[in-house]
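See structure below.
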Amino acid sequence: MAEQPGDFVIRIRDLVNAFGSQVIHDGVDLDVKRGEVIGIVGGSGTGKSVMLRTVVGLNRPVSGSIEVLGRDVLHLNDDERHELETQWGVLFQDGALFSSLTVAQNIEVPLKEDLRLPERLMAEIAACKIGMVGLPPEAADKFPAQLSGGMRKRAGLARALALDPQILFLDEPTAGLDPIAAAAFDQLIKDLQSSLGLTVFIVTHDLDSLFAICDRVAVLVDKKIKVGTLEEHLRDDHPWIHSYFHGPRGRAAHPAEMH
Amino acid sequence: MAPAATILASEEDGATVFRAEGEWLVVTAAELDRRLRDLTMPQGRQVTVDLSGVDRLDSAGAWLLLRTEHELEARGNQVALANLQARFTPLLEQVRSRGVTEPLPHPVPPHHSFVGFLARVGMVTMLLANRVYHILGFTGLVTVTLLRLFRQPRRLRLVATLVQMEVVGLDAMPIVGLLSFLIGVVMAYQGADQLRRFGAEIYTVNLLGVSILRELGVLLSAIIIAGRSGSAFTAQIGTMQVNEEIDALRTLGLDPIEVLVLPRLFGLTLTLPLLVFYADFMGILGGALMSWLVLDINIPNFLTQLQSAVTTTTLWVGVVKAPFFASIIALVGCFEGLNVTRSAESVGRLTTQSVVESIFFVIVTDAAFSIVFSMLKV
């Protein structure tokens, strides 16, 4: 697979999603470049999470095409699909850790499934990932129910990173975290993104996160999508986008130079 | 195309050089790990790890490099990681700064030794004793709430109780009826088979009447209800526990015992005796039909014989146990539900446990009743 800069890892064309007669997305196009952090925002019910679930194949769209790493997600056989799934990691909203397994075992699940690694090496890799997401080593033997919300997210991130994927999908990674933890999580994602060369697809409500880590932002409005840099969105006069970025919270999150 | 990675050792100018090559990825990690472990590690020397041949690197590969560096340093070597392609440096630094942690040794329980076995037996015994203690405590708590309810009858949740009566009683009628009927059929058939040898077929009716009315009707219903409703109580309350709904009730000033436990307790205690009566009837009916078909005892003869075999006391001896069994099932079911911690897995585990425990306690209580009744000579 070619790795020249500037190629698109995700290409969405004319995507239509609907539940019954309720249309969520009506002809959405989106390109995500290799190595960029793209933020998906939109009001409640505009289908941000649906978008993410559609790209990773958890939700079947009515029509349209989705290519991830050059492969058509909607028409894959089981082997191709599995192959592709090792190339991305997904962090669900509350971590979605398997509650009957410890943190280390959660991280070992994808390792066990795909590779024949010796037990000791698997434990070493799990411990390494636990350290990389900033969890204390003792967290390895804890069960998800014994962790705080922020730690669960970090553990979920460690599991998503277990196979060193190229693309990371994050669903509201900072929701429910205190501002300090949220800022730390943003920094963590930024660090990992730059050192691991990840492409990050992040669904969020958190304006601070958007300003802190996103290269481009895709706004879901009127069942369509508007993609651009933050500066472009700040100049946009669509009423929703304007009130989103220029509302009291939006103004508070702007770095000073953007005024 | 399987990605390949190697590491080779050589001697150059009095220093040891490890040459790492290929794709150091999680997919090649198993192979690399084996090669690294086979490598003879020098001691107290100058070691250069030449990384110029590394084409691809991920965090698992970086971990292996750093582990090797660490092991070499631990043997008193001067280690230098050299010639890493610039694009991999941030990754290596990221793993070095945060990811270099040895996995903690997992505490291994001494499962297979005799002492381990004794320890397990002891632990399970203590757990059981602890459980019984807590169930008794819970029974006390419910009793106190119940007494409060007698003082303020307005606090009884009538609608919830009626809903429970419908769900646990009325909705269980098809299955309880069918199974009792079938047990009646089986009993009549097997009983007749044995008694025929003595020419005493007619006593099949006595066998049926006494065993179904005294024991089988009530035991069968209780076991079906424990499996059907006891498990549902645990699962419902347990799921509410997972969603923090129980905590929400408490903060709203509502007592979960009053709102959730008492309606279930009342619903079950009131309907199980009725179900038992119905199960008795269906069991006898199954037996009667079978007797008619196999033994040619027609229905009037069957009834005459039944009348001489059982009295209303026989019926009451069975039915009187029902409220006790119902309370056990409801209390254990609700208790285990409230015991659920905030994980989905504990809902499943405690639901199973609730059914096993309630059937266990039902049978133990039944045995206790038998002793009491034989002492009272009923």
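Identifiers in the structure tokens: chain A, B, ... in order shown; residue index from 1 per chain; ligand index from 1 in order shown.
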Q. Got a sec: who's within 10 Å of A:Ser195, counting only C-alpha atoms, leaving out chain neighbours fewer than 3 positions off, as an MDAnalysis selection string?
A. (chainID A and resid 189:192 198) or (chainID B and resid 58:59 87:95)
Q: Please provide as number ranges by chain all residues within 8 Å of stretch 107-109 of chain A, with the sequence filter that same-chain residues fewer than 5 positions apart are discarded (counting only C-alpha atoms).
A: A: 122-123, 126, 155, 158-160, 162
Go ahead and save the picked residues with C-alpha atoms, as a short mmCIF file (atom, residue, chain, number, x, y, z; two decimals), in the first residue's frame.
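Result written to result_35.cif:
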```cif
data_model
loop_
_atom_site.label_atom_id
_atom_site.label_comp_id
_atom_site.auth_asym_id
_atom_site.auth_seq_id
_atom_site.Cartn_x
_atom_site.Cartn_y
_atom_site.Cartn_z
CA MET A 122 1.84 -10.19 25.47
CA ALA A 123 1.96 -9.09 29.11
CA ALA A 126 0.03 -4.72 27.47
CA ALA A 155 -7.76 1.79 29.14
CA ALA A 158 -4.85 1.36 25.16
CA ARG A 159 -6.99 -1.45 23.78
CA ALA A 160 -7.69 0.53 20.61
CA ALA A 162 -3.05 -2.63 20.91
#
```
Q: Using only C-alpha atoms, select each residue of chain B with any atom at most 12 Å away from an atom of chain A, and give the selection as a VMD selection string.
A: chain B and resid 24 to 34 36 to 37 56 to 64 66 to 67 86 to 107 242 340 to 349
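Between A:Thr54 and the candidates A:Ala218, A:Val103, A:Ile38, A:Ala18, the tightest atom-to-atom separation, counting only C-alpha atoms, involves A:Ala18.
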(Q) Report as number ranges by chain all protein, DNA and RNA residues lying within 6 Å of B:Gly333, evaluated on only C-alpha atoms, omitting residues in the same chain fewer than 6 positions from it. (A) B: 230, 233-234, 354
For stretch 227-231 of chain A, find every residue with an atom within 8 Å (counting only C-alpha atoms), except residues of its own chain fewer than 3 positions away, and show them as an mmCIF file with N, CA and C atoms, in the first residue's frame.
```cif
data_model
loop_
_atom_site.group_PDB
_atom_site.id
_atom_site.type_symbol
_atom_site.label_atom_id
_atom_site.label_comp_id
_atom_site.auth_asym_id
_atom_site.auth_seq_id
_atom_site.Cartn_x
_atom_site.Cartn_y
_atom_site.Cartn_z
ATOM 1 N N LEU A 30 -16.832 13.197 2.391
ATOM 2 C CA LEU A 30 -15.785 13.559 3.337
ATOM 3 C C LEU A 30 -14.495 12.844 2.972
ATOM 4 N N PHE A 211 -10.192 22.890 19.333
ATOM 5 C CA PHE A 211 -9.145 23.888 19.140
ATOM 6 C C PHE A 211 -7.778 23.312 19.456
ATOM 7 N N ASP A 215 -6.921 19.271 13.139
ATOM 8 C CA ASP A 215 -6.401 20.002 11.995
ATOM 9 C C ASP A 215 -7.544 20.570 11.176
ATOM 10 N N ARG A 216 -8.568 19.744 10.992
ATOM 11 C CA ARG A 216 -9.739 20.212 10.253
ATOM 12 C C ARG A 216 -10.982 19.783 11.009
ATOM 13 N N VAL A 217 -12.072 20.469 10.728
ATOM 14 C CA VAL A 217 -13.321 20.158 11.418
ATOM 15 C C VAL A 217 -14.417 19.948 10.386
ATOM 16 N N ALA A 218 -15.205 18.880 10.589
ATOM 17 C CA ALA A 218 -16.349 18.644 9.718
ATOM 18 C C ALA A 218 -17.605 18.897 10.549
ATOM 19 N N VAL A 219 -18.429 19.816 10.063
ATOM 20 C CA VAL A 219 -19.632 20.160 10.805
ATOM 21 C C VAL A 219 -20.831 19.534 10.111
ATOM 22 N N LEU A 234 -14.919 29.662 11.524
ATOM 23 C CA LEU A 234 -15.168 30.875 12.319
ATOM 24 C C LEU A 234 -15.741 31.984 11.436
ATOM 25 N N ARG A 235 -15.410 31.945 10.129
ATOM 26 C CA ARG A 235 -15.933 32.967 9.213
ATOM 27 C C ARG A 235 -17.274 32.585 8.611
ATOM 28 N N MET A 258 -7.221 34.119 17.222
ATOM 29 C CA MET A 258 -8.271 33.889 16.240
ATOM 30 C C MET A 258 -9.341 34.975 16.272
#
```
Q) as a ChimeraX atom specification, which residues of stretch 25-223 of chain A does DSSP assign to helix (DSSP H, G or I)? A) /A:48-55,78-85,103-114,119-132,137-141,144-146,149-160,179-196,207-213
Q. So how far away is atom CA of B:Val159 from atom CA of B:Ser221, in Å?
A.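 Calculated distance between atom CA of B:Ser221 and atom CA of B:Val159 is 24.5 Å.
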Q.
Applying 8 Å and only C-alpha atoms, which residues near B:Ala232 remain after dropping the ones on its own chain fewer than 4 positions away? List them as a PyMOL selection string.
A. chain B and resi 228+236+333+351
What would the file look like if the residues just selected were written as a PDB file, in the first residue's frame with N, CA and C atoms?
```pdb
ATOM      1  N   ARG B 228     -38.217 -18.916  36.850  1.00  0.00           N
ATOM      2  CA  ARG B 228     -38.862 -17.971  35.955  1.00  0.00           C
ATOM      3  C   ARG B 228     -38.867 -16.560  36.546  1.00  0.00           C
ATOM      4  N   GLN B 236     -33.703  -7.878  36.732  1.00  0.00           N
ATOM      5  CA  GLN B 236     -34.291  -6.533  36.660  1.00  0.00           C
ATOM      6  C   GLN B 236     -33.603  -5.584  37.638  1.00  0.00           C
ATOM      7  N   GLY B 333     -34.103 -13.515  45.319  1.00  0.00           N
ATOM      8  CA  GLY B 333     -34.025 -12.863  44.004  1.00  0.00           C
ATOM      9  C   GLY B 333     -33.703 -11.386  44.133  1.00  0.00           C
ATOM     10  N   THR B 351     -27.571 -13.725  38.750  1.00  0.00           N
ATOM     11  CA  THR B 351     -28.853 -14.299  38.359  1.00  0.00           C
ATOM     12  C   THR B 351     -28.797 -15.820  38.496  1.00  0.00           C
TER      13      THR B 351
END
```
